[in-house]
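Undergrad: Right, I'll just put the structure down here and ask away after.
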Amino acid sequence: MVIFIIDLKFVLGHQHNRLIAINAVALEGKPVSSITIMDNLSVHQWLRGGEMVLVGSHTLPRENNQLRGLLTELQQNHACCLIIKYINNSFELFPNLIKFSEKIGLPIFRLPKQTTYLEIMNDVNTLLFRERQSRHLAMLDLIHLLKTDNPLDQDFDYLSSLKNIDLYKQDVQVVQIIFHATLTPSQRVRDLYSLTGQLHTIFTTAVHQATLSTYFVIETASGATAILFMAPRQRKDKLSTIPPYFRSLTQIQAAYTDLYFGVSDIQPARQLQTANQEASFSIKVAKLFNPQKKLILFHDVALWSMINNAQQSTSTKLIPMRLKDILQNPELFKTLRVFFQNNESVKNTSRILYTHPNTIRYRLKEIMLKTGLDYRKTDDKFYLYVAVITKMLNQ
């Protein structure tokens, strides 16, 4: 199932007369999944992430350390916010509530006396339902665009109306983020909530700074896909600079697993499918090298993609048969792989493999004797490099 972010700031825009902020906490990056009533303090038993939590002041613990513990547990289990209905002017019973909630970044609101739980729950649930219907239609359009290689202008119309931008006139870049480990359903829900919230904060900031025109974030079973739209400008300028939000991406934290990041080149919006394929290939390379929290840019591995496509689509293979024994020899293959990964530096290869440089030179000479391919000659080096890439991509 794919779900778009509905954030707390959006909900508050429709409920500002009923939800009165009692602390000052940033609202960006706070996705809303539902609204619920807290009738017991065993937060870990019922909180799944993203809930707007309603509670009567009589339910909150009076003892200061217990109250801090409850607020901390709500924040750690990714509650979206806490909404308190004060009974009998009990506000003064919680003197440290504001200061501590601001410290941990948990938004807290007060519910007016005249507003009932049922009223606020009905209104928020109606809003969430309507927005999910609207965003479900957007999801269908985006999935179509991610898969089609010949989209029409009208394929962008509904998405453009949501953002008030002619998206088909924009450039686009796709970022795929996937979890490194297989998670339990509960872990996956919580990490997805945390991941999408952080992505929302990063890209909302980029829109405010005019680095991006707009964006969409789609949750997937294994992570998330971000589709970034930006005003066209000289492609040379785009390739020469790394946007500041990319550096923020590498700071994203997930509670239960590391993350892989694959980033496409910047393409015209009508080539969204190409950008998606590039991001997917970058993720594949990220998995091979296991560089958690490092962005793999398609620009840096485009040659790998060309070689992979050539190997799969031509009957004439690029790997000479005499390389077969080398590829099946673990020691020689690993030496050759690390050698190329380190820009053909014998010194760095020996350091990474904990092997004397002379041993590395001996192995490279052994490869040359067995294959007739000299790693110091450009044409021979090409065959060796293609063989290493192909084997890695098909492991």
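Ordering of the structure tokens sets the chain letters (A, B, ...), residue numbers begin anew at 1 in every chain, and ligands are numbered from 1 in the order given.
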What's the 10 Å shell around range 358-367 of chain A, counting only C-alpha atoms, without same-chain residues fewer than 4 positions away, as a list in words?
TA: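 Near neighbours after the sequence-gap exclusion: Leu323, Asp325, Ile326, Glu331, Leu332, Phe333, Thr335, Leu336, Phe339, Val346, Lys347, Thr349, Ser350, Leu353, Thr371, Gly372, Leu373, Asp374, Tyr375, Arg376 and Leu384 of chain A.
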Undergrad: Taking C-alpha atoms for each residue, export the selection above as an mmCIF file, in the first residue's frame.
TA:
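File out.cif, as written:
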```
data_model
loop_
_atom_site.group_PDB
_atom_site.id
_atom_site.type_symbol
_atom_site.label_atom_id
_atom_site.label_comp_id
_atom_site.auth_asym_id
_atom_site.auth_seq_id
_atom_site.Cartn_x
_atom_site.Cartn_y
_atom_site.Cartn_z
ATOM 1 C CA LEU A 323 38.408 -14.668 -17.974
ATOM 2 C CA ASP A 325 38.658 -19.041 -14.372
ATOM 3 C CA ILE A 326 39.682 -15.668 -12.923
ATOM 4 C CA GLU A 331 41.140 -14.522 -4.234
ATOM 5 C CA LEU A 332 41.969 -13.218 -7.702
ATOM 6 C CA PHE A 333 38.487 -11.779 -8.277
ATOM 7 C CA THR A 335 41.938 -8.537 -5.652
ATOM 8 C CA LEU A 336 40.837 -7.271 -9.068
ATOM 9 C CA PHE A 339 42.020 -2.792 -7.265
ATOM 10 C CA VAL A 346 48.255 -1.068 -5.431
ATOM 11 C CA LYS A 347 48.986 0.677 -2.141
ATOM 12 C CA THR A 349 44.378 -2.282 -2.434
ATOM 13 C CA SER A 350 47.010 -3.878 -0.213
ATOM 14 C CA LEU A 353 43.049 -6.462 1.840
ATOM 15 C CA THR A 371 44.259 -14.396 -19.456
ATOM 16 C CA GLY A 372 46.754 -12.560 -21.631
ATOM 17 C CA LEU A 373 45.124 -9.306 -20.495
ATOM 18 C CA ASP A 374 47.487 -6.657 -19.138
ATOM 19 C CA TYR A 375 45.813 -4.409 -16.543
ATOM 20 C CA ARG A 376 48.213 -1.615 -17.554
ATOM 21 C CA LEU A 384 38.894 -6.778 -16.973
#
```
Undergrad: Show which residues sit within 12 Å of Leu128 in chain A, as a PDB file with all heavy atoms, in the first residue's frame. Count only C-alpha atoms, and ignore same-chain residues fewer than 4 positions away.
TA:
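Output saved as around_38.pdb:
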```pdb
ATOM      1  N   ILE A   3       1.035   5.407   0.580  1.00  0.00           N
ATOM      2  CA  ILE A   3       0.321   6.471   1.276  1.00  0.00           C
ATOM      3  C   ILE A   3       1.140   7.751   1.191  1.00  0.00           C
ATOM      4  O   ILE A   3       2.350   7.733   1.394  1.00  0.00           O
ATOM      5  CB  ILE A   3       0.094   6.119   2.759  1.00  0.00           C
ATOM      6  CG1 ILE A   3      -0.645   4.787   2.876  1.00  0.00           C
ATOM      7  CG2 ILE A   3      -0.698   7.212   3.458  1.00  0.00           C
ATOM      8  CD1 ILE A   3      -0.724   4.278   4.291  1.00  0.00           C
ATOM      9  N   PHE A   4       0.492   8.858   0.892  1.00  0.00           N
ATOM     10  CA  PHE A   4       1.156  10.149   0.887  1.00  0.00           C
ATOM     11  C   PHE A   4       1.129  10.753   2.280  1.00  0.00           C
ATOM     12  O   PHE A   4       0.263  10.458   3.086  1.00  0.00           O
ATOM     13  CB  PHE A   4       0.457  11.099  -0.090  1.00  0.00           C
ATOM     14  CG  PHE A   4       0.743  10.801  -1.524  1.00  0.00           C
ATOM     15  CD1 PHE A   4       0.073   9.792  -2.179  1.00  0.00           C
ATOM     16  CD2 PHE A   4       1.692  11.517  -2.203  1.00  0.00           C
ATOM     17  CE1 PHE A   4       0.337   9.509  -3.504  1.00  0.00           C
ATOM     18  CE2 PHE A   4       1.966  11.247  -3.528  1.00  0.00           C
ATOM     19  CZ  PHE A   4       1.289  10.246  -4.184  1.00  0.00           C
ATOM     20  N   ILE A   5       2.056  11.634   2.514  1.00  0.00           N
ATOM     21  CA  ILE A   5       2.124  12.306   3.801  1.00  0.00           C
ATOM     22  C   ILE A   5       0.955  13.283   3.952  1.00  0.00           C
ATOM     23  O   ILE A   5       0.684  14.091   3.074  1.00  0.00           O
ATOM     24  CB  ILE A   5       3.443  13.079   3.934  1.00  0.00           C
ATOM     25  CG1 ILE A   5       4.607  12.102   4.103  1.00  0.00           C
ATOM     26  CG2 ILE A   5       3.400  14.049   5.092  1.00  0.00           C
ATOM     27  CD1 ILE A   5       5.942  12.779   4.124  1.00  0.00           C
ATOM     28  N   ILE A   6       0.241  13.185   5.063  1.00  0.00           N
ATOM     29  CA  ILE A   6      -0.684  14.215   5.514  1.00  0.00           C
ATOM     30  C   ILE A   6      -0.088  14.720   6.823  1.00  0.00           C
ATOM     31  O   ILE A   6       0.011  13.971   7.792  1.00  0.00           O
ATOM     32  CB  ILE A   6      -2.094  13.655   5.739  1.00  0.00           C
ATOM     33  CG1 ILE A   6      -2.644  13.075   4.429  1.00  0.00           C
ATOM     34  CG2 ILE A   6      -3.026  14.737   6.269  1.00  0.00           C
ATOM     35  CD1 ILE A   6      -3.958  12.344   4.578  1.00  0.00           C
ATOM     36  N   ASP A   7       0.346  15.953   6.845  1.00  0.00           N
ATOM     37  CA  ASP A   7       1.120  16.396   7.995  1.00  0.00           C
ATOM     38  C   ASP A   7       0.282  17.198   8.982  1.00  0.00           C
ATOM     39  O   ASP A   7      -0.825  17.653   8.683  1.00  0.00           O
ATOM     40  CB  ASP A   7       2.381  17.154   7.572  1.00  0.00           C
ATOM     41  CG  ASP A   7       2.079  18.525   6.992  1.00  0.00           C
ATOM     42  OD1 ASP A   7       0.903  18.819   6.732  1.00  0.00           O
ATOM     43  OD2 ASP A   7       3.025  19.294   6.802  1.00  0.00           O
ATOM     44  N   LEU A   8       0.844  17.345  10.170  1.00  0.00           N
ATOM     45  CA  LEU A   8       0.147  18.013  11.264  1.00  0.00           C
ATOM     46  C   LEU A   8      -0.170  19.456  10.918  1.00  0.00           C
ATOM     47  O   LEU A   8      -1.251  19.970  11.249  1.00  0.00           O
ATOM     48  CB  LEU A   8       1.000  17.929  12.534  1.00  0.00           C
ATOM     49  CG  LEU A   8       0.452  18.618  13.781  1.00  0.00           C
ATOM     50  CD1 LEU A   8      -0.914  18.059  14.168  1.00  0.00           C
ATOM     51  CD2 LEU A   8       1.442  18.463  14.935  1.00  0.00           C
ATOM     52  N   PHE A  10      -0.909  20.712   8.084  1.00  0.00           N
ATOM     53  CA  PHE A  10      -2.078  20.727   7.212  1.00  0.00           C
ATOM     54  C   PHE A  10      -3.350  20.546   8.032  1.00  0.00           C
ATOM     55  O   PHE A  10      -4.346  21.257   7.836  1.00  0.00           O
ATOM     56  CB  PHE A  10      -1.955  19.619   6.165  1.00  0.00           C
ATOM     57  CG  PHE A  10      -3.183  19.444   5.321  1.00  0.00           C
ATOM     58  CD1 PHE A  10      -3.411  20.256   4.231  1.00  0.00           C
ATOM     59  CD2 PHE A  10      -4.110  18.459   5.622  1.00  0.00           C
ATOM     60  CE1 PHE A  10      -4.554  20.103   3.451  1.00  0.00           C
ATOM     61  CE2 PHE A  10      -5.257  18.292   4.858  1.00  0.00           C
ATOM     62  CZ  PHE A  10      -5.479  19.119   3.766  1.00  0.00           C
ATOM     63  N   VAL A  11      -3.350  19.588   8.961  1.00  0.00           N
ATOM     64  CA  VAL A  11      -4.528  19.346   9.794  1.00  0.00           C
ATOM     65  C   VAL A  11      -4.851  20.580  10.631  1.00  0.00           C
ATOM     66  O   VAL A  11      -6.012  20.988  10.765  1.00  0.00           O
ATOM     67  CB  VAL A  11      -4.318  18.112  10.688  1.00  0.00           C
ATOM     68  CG1 VAL A  11      -5.480  17.941  11.662  1.00  0.00           C
ATOM     69  CG2 VAL A  11      -4.158  16.849   9.838  1.00  0.00           C
ATOM     70  N   LEU A  12      -3.827  21.198  11.192  1.00  0.00           N
ATOM     71  CA  LEU A  12      -4.052  22.384  12.035  1.00  0.00           C
ATOM     72  C   LEU A  12      -4.648  23.539  11.242  1.00  0.00           C
ATOM     73  O   LEU A  12      -5.394  24.358  11.787  1.00  0.00           O
ATOM     74  CB  LEU A  12      -2.741  22.830  12.677  1.00  0.00           C
ATOM     75  CG  LEU A  12      -2.161  21.901  13.745  1.00  0.00           C
ATOM     76  CD1 LEU A  12      -0.842  22.439  14.250  1.00  0.00           C
ATOM     77  CD2 LEU A  12      -3.140  21.724  14.901  1.00  0.00           C
ATOM     78  N   HIS A  14      -6.944  23.350   9.279  1.00  0.00           N
ATOM     79  CA  HIS A  14      -8.387  23.158   9.242  1.00  0.00           C
ATOM     80  C   HIS A  14      -9.001  23.075  10.645  1.00  0.00           C
ATOM     81  O   HIS A  14     -10.221  23.032  10.777  1.00  0.00           O
ATOM     82  CB  HIS A  14      -8.720  21.881   8.474  1.00  0.00           C
ATOM     83  CG  HIS A  14      -8.406  21.949   7.012  1.00  0.00           C
ATOM     84  ND1 HIS A  14      -7.119  21.872   6.521  1.00  0.00           N
ATOM     85  CD2 HIS A  14      -9.215  22.119   5.938  1.00  0.00           C
ATOM     86  CE1 HIS A  14      -7.143  21.964   5.192  1.00  0.00           C
ATOM     87  NE2 HIS A  14      -8.392  22.113   4.823  1.00  0.00           N
ATOM     88  N   PRO A  31       3.971  13.644  10.280  1.00  0.00           N
ATOM     89  CA  PRO A  31       2.862  13.015   9.559  1.00  0.00           C
ATOM     90  C   PRO A  31       1.767  12.552  10.512  1.00  0.00           C
ATOM     91  O   PRO A  31       2.034  12.129  11.633  1.00  0.00           O
ATOM     92  CB  PRO A  31       3.533  11.810   8.885  1.00  0.00           C
ATOM     93  CG  PRO A  31       4.982  12.116   8.872  1.00  0.00           C
ATOM     94  CD  PRO A  31       5.232  12.919  10.094  1.00  0.00           C
ATOM     95  N   VAL A  32       0.524  12.651  10.053  1.00  0.00           N
ATOM     96  CA  VAL A  32      -0.638  12.233  10.840  1.00  0.00           C
ATOM     97  C   VAL A  32      -1.183  10.932  10.259  1.00  0.00           C
ATOM     98  O   VAL A  32      -1.489  10.865   9.061  1.00  0.00           O
ATOM     99  CB  VAL A  32      -1.740  13.309  10.823  1.00  0.00           C
ATOM    100  CG1 VAL A  32      -2.957  12.832  11.611  1.00  0.00           C
ATOM    101  CG2 VAL A  32      -1.206  14.616  11.391  1.00  0.00           C
ATOM    102  N   SER A  33      -1.297   9.913  11.080  1.00  0.00           N
ATOM    103  CA  SER A  33      -1.890   8.656  10.631  1.00  0.00           C
ATOM    104  C   SER A  33      -3.328   8.514  11.097  1.00  0.00           C
ATOM    105  O   SER A  33      -4.166   7.947  10.403  1.00  0.00           O
ATOM    106  CB  SER A  33      -1.065   7.466  11.144  1.00  0.00           C
ATOM    107  OG  SER A  33      -1.084   7.417  12.566  1.00  0.00           O
ATOM    108  N   SER A  34      -3.645   9.044  12.299  1.00  0.00           N
ATOM    109  CA  SER A  34      -4.988   8.904  12.861  1.00  0.00           C
ATOM    110  C   SER A  34      -5.106   9.792  14.094  1.00  0.00           C
ATOM    111  O   SER A  34      -4.139  10.455  14.490  1.00  0.00           O
ATOM    112  CB  SER A  34      -5.264   7.441  13.244  1.00  0.00           C
ATOM    113  OG  SER A  34      -4.349   7.014  14.253  1.00  0.00           O
ATOM    114  N   ILE A  35      -6.286   9.787  14.692  1.00  0.00           N
ATOM    115  CA  ILE A  35      -6.503  10.469  15.965  1.00  0.00           C
ATOM    116  C   ILE A  35      -7.106   9.446  16.929  1.00  0.00           C
ATOM    117  O   ILE A  35      -7.978   8.669  16.550  1.00  0.00           O
ATOM    118  CB  ILE A  35      -7.407  11.713  15.810  1.00  0.00           C
ATOM    119  CG1 ILE A  35      -7.526  12.467  17.134  1.00  0.00           C
ATOM    120  CG2 ILE A  35      -8.748  11.367  15.218  1.00  0.00           C
ATOM    121  CD1 ILE A  35      -8.133  13.855  16.982  1.00  0.00           C
ATOM    122  N   GLU A  51      -0.057   9.045  15.481  1.00  0.00           N
ATOM    123  CA  GLU A  51      -1.351   9.359  16.081  1.00  0.00           C
ATOM    124  C   GLU A  51      -1.367  10.742  16.731  1.00  0.00           C
ATOM    125  O   GLU A  51      -0.415  11.141  17.391  1.00  0.00           O
ATOM    126  CB  GLU A  51      -1.728   8.328  17.156  1.00  0.00           C
ATOM    127  CG  GLU A  51      -2.014   6.937  16.629  1.00  0.00           C
ATOM    128  CD  GLU A  51      -0.794   6.032  16.641  1.00  0.00           C
ATOM    129  OE1 GLU A  51       0.342   6.572  16.705  1.00  0.00           O
ATOM    130  OE2 GLU A  51      -0.967   4.809  16.606  1.00  0.00           O
ATOM    131  N   MET A  52      -2.482  11.470  16.530  1.00  0.00           N
ATOM    132  CA  MET A  52      -2.798  12.640  17.342  1.00  0.00           C
ATOM    133  C   MET A  52      -3.494  12.081  18.584  1.00  0.00           C
ATOM    134  O   MET A  52      -4.569  11.460  18.482  1.00  0.00           O
ATOM    135  CB  MET A  52      -3.713  13.591  16.582  1.00  0.00           C
ATOM    136  CG  MET A  52      -3.106  14.127  15.292  1.00  0.00           C
ATOM    137  SD  MET A  52      -4.273  15.144  14.319  1.00  0.00           S
ATOM    138  CE  MET A  52      -4.445  16.579  15.394  1.00  0.00           C
ATOM    139  N   MET A 121     -12.602  14.282  16.846  1.00  0.00           N
ATOM    140  CA  MET A 121     -12.275  13.032  16.169  1.00  0.00           C
ATOM    141  C   MET A 121     -13.025  12.908  14.848  1.00  0.00           C
ATOM    142  O   MET A 121     -12.442  12.506  13.831  1.00  0.00           O
ATOM    143  CB  MET A 121     -12.582  11.835  17.075  1.00  0.00           C
ATOM    144  CG  MET A 121     -11.656  11.732  18.279  1.00  0.00           C
ATOM    145  SD  MET A 121     -12.007  10.304  19.331  1.00  0.00           S
ATOM    146  CE  MET A 121     -11.344   8.981  18.309  1.00  0.00           C
ATOM    147  N   ASN A 122     -14.302  13.275  14.840  1.00  0.00           N
ATOM    148  CA  ASN A 122     -15.073  13.213  13.598  1.00  0.00           C
ATOM    149  C   ASN A 122     -14.513  14.158  12.546  1.00  0.00           C
ATOM    150  O   ASN A 122     -14.375  13.799  11.369  1.00  0.00           O
ATOM    151  CB  ASN A 122     -16.546  13.551  13.866  1.00  0.00           C
ATOM    152  CG  ASN A 122     -17.301  12.394  14.487  1.00  0.00           C
ATOM    153  OD1 ASN A 122     -16.839  11.250  14.440  1.00  0.00           O
ATOM    154  ND2 ASN A 122     -18.454  12.678  15.068  1.00  0.00           N
ATOM    155  N   ASP A 123     -14.174  15.377  12.975  1.00  0.00           N
ATOM    156  CA  ASP A 123     -13.655  16.359  12.021  1.00  0.00           C
ATOM    157  C   ASP A 123     -12.306  15.923  11.444  1.00  0.00           C
ATOM    158  O   ASP A 123     -12.076  16.007  10.232  1.00  0.00           O
ATOM    159  CB  ASP A 123     -13.512  17.721  12.697  1.00  0.00           C
ATOM    160  CG  ASP A 123     -14.850  18.438  12.827  1.00  0.00           C
ATOM    161  OD1 ASP A 123     -15.853  17.886  12.343  1.00  0.00           O
ATOM    162  OD2 ASP A 123     -14.882  19.528  13.420  1.00  0.00           O
ATOM    163  N   VAL A 124     -11.403  15.474  12.316  1.00  0.00           N
ATOM    164  CA  VAL A 124     -10.070  15.068  11.840  1.00  0.00           C
ATOM    165  C   VAL A 124     -10.178  13.820  10.965  1.00  0.00           C
ATOM    166  O   VAL A 124      -9.530  13.733   9.904  1.00  0.00           O
ATOM    167  CB  VAL A 124      -9.123  14.828  13.029  1.00  0.00           C
ATOM    168  CG1 VAL A 124      -7.820  14.178  12.556  1.00  0.00           C
ATOM    169  CG2 VAL A 124      -8.811  16.146  13.737  1.00  0.00           C
ATOM    170  N   ARG A 132      -6.972  11.457   1.932  1.00  0.00           N
ATOM    171  CA  ARG A 132      -6.451  10.184   1.448  1.00  0.00           C
ATOM    172  C   ARG A 132      -7.095   9.797   0.113  1.00  0.00           C
ATOM    173  O   ARG A 132      -6.436   9.218  -0.749  1.00  0.00           O
ATOM    174  CB  ARG A 132      -6.650   9.098   2.498  1.00  0.00           C
ATOM    175  CG  ARG A 132      -5.622   9.192   3.620  1.00  0.00           C
ATOM    176  CD  ARG A 132      -5.876   8.230   4.740  1.00  0.00           C
ATOM    177  NE  ARG A 132      -4.853   8.374   5.772  1.00  0.00           N
ATOM    178  CZ  ARG A 132      -5.064   8.215   7.059  1.00  0.00           C
ATOM    179  NH1 ARG A 132      -6.275   7.904   7.496  1.00  0.00           N
ATOM    180  NH2 ARG A 132      -4.074   8.367   7.927  1.00  0.00           N
ATOM    181  N   GLN A 133      -8.369  10.120  -0.047  1.00  0.00           N
ATOM    182  CA  GLN A 133      -8.997   9.869  -1.349  1.00  0.00           C
ATOM    183  C   GLN A 133      -8.320  10.707  -2.427  1.00  0.00           C
ATOM    184  O   GLN A 133      -8.001  10.201  -3.511  1.00  0.00           O
ATOM    185  CB  GLN A 133     -10.483  10.218  -1.278  1.00  0.00           C
ATOM    186  CG  GLN A 133     -11.337   9.179  -0.575  1.00  0.00           C
ATOM    187  CD  GLN A 133     -12.812   9.521  -0.669  1.00  0.00           C
ATOM    188  OE1 GLN A 133     -13.210  10.658  -0.414  1.00  0.00           O
ATOM    189  NE2 GLN A 133     -13.621   8.553  -1.044  1.00  0.00           N
ATOM    190  N   SER A 134      -8.120  11.993  -2.136  1.00  0.00           N
ATOM    191  CA  SER A 134      -7.486  12.884  -3.100  1.00  0.00           C
ATOM    192  C   SER A 134      -6.076  12.419  -3.430  1.00  0.00           C
ATOM    193  O   SER A 134      -5.665  12.369  -4.598  1.00  0.00           O
ATOM    194  CB  SER A 134      -7.454  14.315  -2.535  1.00  0.00           C
ATOM    195  OG  SER A 134      -6.717  15.172  -3.370  1.00  0.00           O
ATOM    196  N   ARG A 135      -5.343  12.045  -2.410  1.00  0.00           N
ATOM    197  CA  ARG A 135      -3.949  11.650  -2.620  1.00  0.00           C
ATOM    198  C   ARG A 135      -3.843  10.256  -3.220  1.00  0.00           C
ATOM    199  O   ARG A 135      -2.844   9.920  -3.845  1.00  0.00           O
ATOM    200  CB  ARG A 135      -3.181  11.789  -1.315  1.00  0.00           C
ATOM    201  CG  ARG A 135      -3.088  13.260  -0.897  1.00  0.00           C
ATOM    202  CD  ARG A 135      -2.483  13.459   0.479  1.00  0.00           C
ATOM    203  NE  ARG A 135      -2.639  14.852   0.862  1.00  0.00           N
ATOM    204  CZ  ARG A 135      -1.654  15.618   1.318  1.00  0.00           C
ATOM    205  NH1 ARG A 135      -0.457  15.115   1.462  1.00  0.00           N
ATOM    206  NH2 ARG A 135      -1.873  16.876   1.634  1.00  0.00           N
ATOM    207  N   HIS A 136      -4.869   9.447  -3.019  1.00  0.00           N
ATOM    208  CA  HIS A 136      -4.886   8.145  -3.686  1.00  0.00           C
ATOM    209  C   HIS A 136      -4.962   8.335  -5.203  1.00  0.00           C
ATOM    210  O   HIS A 136      -4.291   7.628  -5.963  1.00  0.00           O
ATOM    211  CB  HIS A 136      -6.067   7.315  -3.202  1.00  0.00           C
ATOM    212  CG  HIS A 136      -6.158   5.966  -3.859  1.00  0.00           C
ATOM    213  ND1 HIS A 136      -5.255   4.958  -3.606  1.00  0.00           N
ATOM    214  CD2 HIS A 136      -7.021   5.471  -4.784  1.00  0.00           C
ATOM    215  CE1 HIS A 136      -5.562   3.897  -4.318  1.00  0.00           C
ATOM    216  NE2 HIS A 136      -6.629   4.181  -5.054  1.00  0.00           N
TER     217      HIS A 136
END
```
Undergrad: Do a neighbour search on Tyr86 in chain A at 9 Å with only C-alpha atoms, toss out local chain neighbours closer than 4 positions, and write the hits as a PyMOL selection string.
TA: chain A and resi 55-58+90-91+110-113
Undergrad: If you measure from CA of Gln277 in chain A to CA of Lys163 in chain A, what distance in Å do you get, rounded to one decimal?
TA: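 CA of Lys163 in chain A lies 24.4 Å from CA of Gln277 in chain A.
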Undergrad: Which is closer to Lys30 in chain A than all the others in A:Thr201, A:Thr126, A:Gln15, A:Thr59, using only C-alpha atoms?
TA: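 So, comparing all the options, the nearest one is A:Thr201.
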Undergrad: Given only C-alpha atoms, how would the per-residue table for range 196-298 of chain A near range 172-186 of chain A read, listing every residue at most 7 Å away with its closest atom pair and distance in Å to one decimal, sorted by chain and number, as a tab-separated table?
TA:
```
residue	atom	partner	partner_atom	distance
A:Ser222	CA	A:Ile178	CA	5.3
A:Gly223	CA	A:Ile178	CA	4.3
A:Ala224	CA	A:Ile177	CA	5.3
A:Thr225	CA	A:Gln176	CA	4.5
A:Ala226	CA	A:Val175	CA	5.1
A:Ile227	CA	A:Val174	CA	4.8
A:Leu228	CA	A:Gln173	CA	5.2
A:Phe229	CA	A:Val172	CA	4.6
A:Met230	CA	A:Val172	CA	6.2
A:Thr257	CA	A:Ala181	CA	5.7
A:Asp258	CA	A:His180	CA	5.2
A:Leu259	CA	A:Phe179	CA	4.9
A:Tyr260	CA	A:Ile178	CA	5.3
A:Phe261	CA	A:Ile177	CA	4.7
A:Gly262	CA	A:Gln176	CA	5.1
A:Val263	CA	A:Val175	CA	4.6
A:Ser264	CA	A:Val174	CA	5.4
A:Asp265	CA	A:Gln173	CA	6.3
A:Ile266	CA	A:Gln173	CA	4.9
A:Gln267	CA	A:Val172	CA	5.3
A:Pro268	CA	A:Val172	CA	5.9
A:Ala269	CA	A:Val172	CA	5.1
A:Leu272	CA	A:Val172	CA	6.7
A:Ala275	CA	A:Val174	CA	5.8
A:Asn276	CA	A:Val174	CA	5.8
A:Ala279	CA	A:Gln176	CA	6.0
A:Ser280	CA	A:Gln176	CA	7.0
```
Undergrad: Hey, can you spit out that residue selection with C-alpha atoms as a PDB file, in the first residue's frame?
TA:
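Listing of again_33.pdb after writing:
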```pdb
ATOM      1  CA  SER A 222      10.654  -1.427   1.763  1.00  0.00           C
ATOM      2  CA  GLY A 223      11.151   2.312   2.261  1.00  0.00           C
ATOM      3  CA  ALA A 224      10.134   5.381   0.284  1.00  0.00           C
ATOM      4  CA  THR A 225      10.427   7.080  -3.095  1.00  0.00           C
ATOM      5  CA  ALA A 226      10.802  10.854  -3.327  1.00  0.00           C
ATOM      6  CA  ILE A 227       9.920  12.578  -6.600  1.00  0.00           C
ATOM      7  CA  LEU A 228      11.488  16.031  -6.731  1.00  0.00           C
ATOM      8  CA  PHE A 229      10.356  18.675  -9.210  1.00  0.00           C
ATOM      9  CA  MET A 230      12.508  21.704  -9.950  1.00  0.00           C
ATOM     10  CA  THR A 257      17.849  -0.524  10.297  1.00  0.00           C
ATOM     11  CA  ASP A 258      20.356   1.284   8.110  1.00  0.00           C
ATOM     12  CA  LEU A 259      19.259   2.828   4.820  1.00  0.00           C
ATOM     13  CA  TYR A 260      20.320   2.708   1.167  1.00  0.00           C
ATOM     14  CA  PHE A 261      19.942   5.793  -1.065  1.00  0.00           C
ATOM     15  CA  GLY A 262      19.776   5.731  -4.874  1.00  0.00           C
ATOM     16  CA  VAL A 263      19.576   9.021  -6.797  1.00  0.00           C
ATOM     17  CA  SER A 264      18.750   9.518 -10.477  1.00  0.00           C
ATOM     18  CA  ASP A 265      20.114  12.116 -12.837  1.00  0.00           C
ATOM     19  CA  ILE A 266      17.959  15.199 -13.379  1.00  0.00           C
ATOM     20  CA  GLN A 267      15.582  14.590 -16.277  1.00  0.00           C
ATOM     21  CA  PRO A 268      12.736  16.468 -17.995  1.00  0.00           C
ATOM     22  CA  ALA A 269       9.482  15.611 -16.231  1.00  0.00           C
ATOM     23  CA  LEU A 272      10.126  10.368 -15.057  1.00  0.00           C
ATOM     24  CA  ALA A 275      14.686   8.792 -13.641  1.00  0.00           C
ATOM     25  CA  ASN A 276      12.941   6.044 -11.665  1.00  0.00           C
ATOM     26  CA  ALA A 279      17.352   5.481  -9.050  1.00  0.00           C
ATOM     27  CA  SER A 280      16.538   1.751  -8.949  1.00  0.00           C
TER      28      SER A 280
END
```
Undergrad: Find, counting only C-alpha atoms, the residue in A:Ser101, A:Gln76, A:Asn96, A:Ser42 that gets nearest to Ala26 in chain A.
TA: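 Between A:Ser101, A:Gln76, A:Asn96, A:Ser42, the residue approaching Ala26 in chain A most closely is A:Ser101.
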Undergrad: Could you check how far CA of Gln198 in chain A sits from CA of Asp166 in chain A, in Å to one decimal?
TA: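 It comes out at 26.3 Å.
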Undergrad: Considering only C-alpha atoms, return as a ChimeraX atom specification whatever protein or nucleic-acid residues lie within 8 Å of Ser194 in chain A, sequence-local ones (same chain, fewer than 3 positions apart) excluded.
TA: /A:78,190-191,197-198,253-254
Undergrad: Restricting the calculation to only C-alpha atoms: of A:Leu159, A:Ala21, A:Ile143, A:Cys80, which residue gets closest to Arg48 in chain A?
TA: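 Nearest to Arg48 in chain A: A:Cys80.
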Undergrad: Excluding Gly105 in chain A and any residue of its chain fewer than 2 positions from it, enumerate the residues within 9 Å of it, using only C-alpha atoms, and give them as a ChimeraX atom specification.
TA: /A:24-26,75,100-103,107
